[in-house]
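Colleague: So that we are looking at the same thing, I have put the structure below in structure tokens.
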Protein chains: 2
Amino acid sequence: MRDVARLAGVSVATVSFVVNDSKPVSPATRLRVESAMVELDFRRNAVARALASRRTRIIALLFPVLQHRLSDNAARFFTGAAEAAAELGYTVVLWPEPSDPDALREFTSDGLIDGVILMEVRLDDHRVDRLLAAGTPLTLIGRTRDPSGLDYVDVDFEGMVELSIDRLQALGHREFALLEEVERADLDGYGPVVRVQETFHAVCAARGLRARTLQCTPDPAGGREIAATLQEEAPEVTAVLVLNDRAALGFVSELGRRGVSVPDDLSVVLVASTREVSEAADPALAVTLLPAAQLGRMGVETLIGRLDGTLGELRHELVMGAFLEGASLAPPR
Amino acid sequence: MRDVARLAGVSVATVSFVVNDSKPVSPATRLRVESAMVELDFRRNAVARALASRRTRIIALLFPVLQHRLSDNAARFFTGAAEAAAELGYTVVLWPEPSDPDALREFTSDGLIDGVILMEVRLDDHRVDRLLAAGTPLTLIGRTRDPSGLDYVDVDFEGMVELSIDRLQALGHREFALLEEVERADLDGYGPVVRVQETFHAVCAARGLRARTLQCTPDPAGGREIAATLQEEAPEVTAVLVLNDRAALGFVSELGRRGVSVPDDLSVVLVASTREVSEAADPALAVTLLPAAQLGRMGVETLIGRLDGTLGELRHELVMGAFLEGASLAPPR
């Protein structure tokens, strides 16, 4: 306030009158004070001070929307989060991640936001370090390579893959394939993809099942291409786990067109997807559901529990989705 | 500030020292002042005052996420909005609409938000009245029955329907059907549905084309059901416009299973959808694209133009999406 007064050439009291609107001030003086305030970024500090020991009850779901398009599933996370927040008297807003990484550190410094839920977490995620360095209360949906010091809730991808293999193995399948996206630089180090791959191969190896990976572009055309060459490239495969929704639809549709019957010739399980995608395929696919709304809800409850001081120890929780049977499972021929 | 001082039993200067952290104050006194501030909801007013003539450069895309699940397309609106805001030095956050309608009026009163972009606008929309009554700067994506006094950008649903009919008519089609959702209470008065229906029937009537409406549940099963009965119920139809993405996938897949060829037996156009949905069908469907990201961008540019005073007259703009040919159009048999 002293700096503003000096810059505007008025008394500290006059600045106070303008800020608090507590006494009339001439328009010219007000303008001088306001200009000085802008120059000194006074506003920011004023808000920060006013809020320093207070809470806005607004939390942010930080999503890298400028880098990844917001998916249907991310939208479900947000819906679950919004419901939980409303129940607990908070508002959760979906906040695009600043494109400048350095802006992250200042993200909560103006006190508008009580805390942050971070999504699309990578195994090594610089955002976590930056937010922690800024002292921002933080919960992860997802987890880093070593999340031991952080609150997180995450999808139990390992459990979902193992459950899918369980079901197929119980039907007699021994020749497995995982259909997944071609490696992309922007997926490198993205936890879900890495965890599904590793679990698939580890579980198959431990059980003496044959396992191979089929990679395609993440769209219906990619799935169709794999379906077109499957009989030639991988004739032994009788059970396929699919990790990409859009590829799954093309894959199943092209199998049908080629007279390969799902499930009689090939059993298919969709991993970490939705009832809607399952039903859009013909036949409807067996699917391990991504518990998106539940994760969004748990992320909010965890962060608010931490903010309110009602959460004691660190929360580390993995959540399985339900298994929907669909019509894509049968014993191998 | 005087009320806080009186309640805390300290001088106005002491309150000022605490708020501005400008002089050391004993912990006990600080606690008394802070308690009084809480009691008087001082925080809220302090922030409001500090921000009264200032701007946070945060705008909210208000979405009824607790009533409608956030769709894939809504997510695209948000991505476009976030990009435009970042370019203009603003942040746009996706803000769930308060479930209590009265809370809307207070929504921007604490000055955290400079303005609001409203989505999922209904023909008669109480939210518009409430936000206007609160003096909130407002832009609509969508429009009310009479939006003449408001800034809005909207999808040109009328133009998209007419363009679709143009293409089909040029191929020789004269027997049209519109496949759309069964009437639902929560869609009553929802502009896009009403406008597509009205335009479809008006354009067909004006051109002497036969038009009928087929209604189904908004999911693949609903689309399959229509496909299963189409030959019997509406054997004359050679061209179908589909307004629901999920129904479209079931509709086309079931036609294929029954040996009805798209496009040789039936031409199909998807209205207001995406390339992804078009490509998930087999064959890929002709589609008028919903220009979601562009609308999100224009909504942000309009609101910021209004906030910054660079936008003169009211902006009323309708935007067409591109027409993708797909492989679902042919002359009638």
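Labels for the structure tokens follow display order: chains A, B, ..., residues from 1 in each chain, ligands from 1.
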Set the distance at 9 Å and use only C-alpha atoms: which residues neighbour A:Arg315 once local chain neighbours fewer than 4 positions away are removed? I'd like the list as number ranges by chain.
Modeller: A: 150-153, 302, 311
Colleague: Atom CA of B:His316 and atom CA of B:Gly149, how far apart in Å?
Modeller: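 Between atom CA of B:Gly149 and atom CA of B:His316 the gap is 9.6 Å.
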Colleague: Which residue, B:Leu314, B:Leu179, B:Ala330, B:Val19, has the smallest gap to chain A when you use only C-alpha atoms?
Modeller: B:Val19
Colleague: As a PyMOL selection string, please: every residue in stretch 78-122 of chain B that a backbone DSSP assignment puts in alpha helix (DSSP H).
Modeller: chain B and resi 78-87
Colleague: If we count only C-alpha atoms, what is near A:Met320 at a cut-off of 9 Å, once residues fewer than 5 positions away on the same chain are taken out, given as a list of chain:residue names?
Modeller: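 Result of the neighbour search: A:Val155, A:Asp156, A:Phe157, A:Gly159, A:Met160, A:Thr288, A:Leu289, A:Leu290, A:Pro291.
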Colleague: Using only C-alpha atoms, which of A:Gln197, A:Thr29, A:Ser278, A:Thr91 sits nearest B:Asp219?
Modeller: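 Answer, going by the shortest atom-to-atom distance: A:Ser278.
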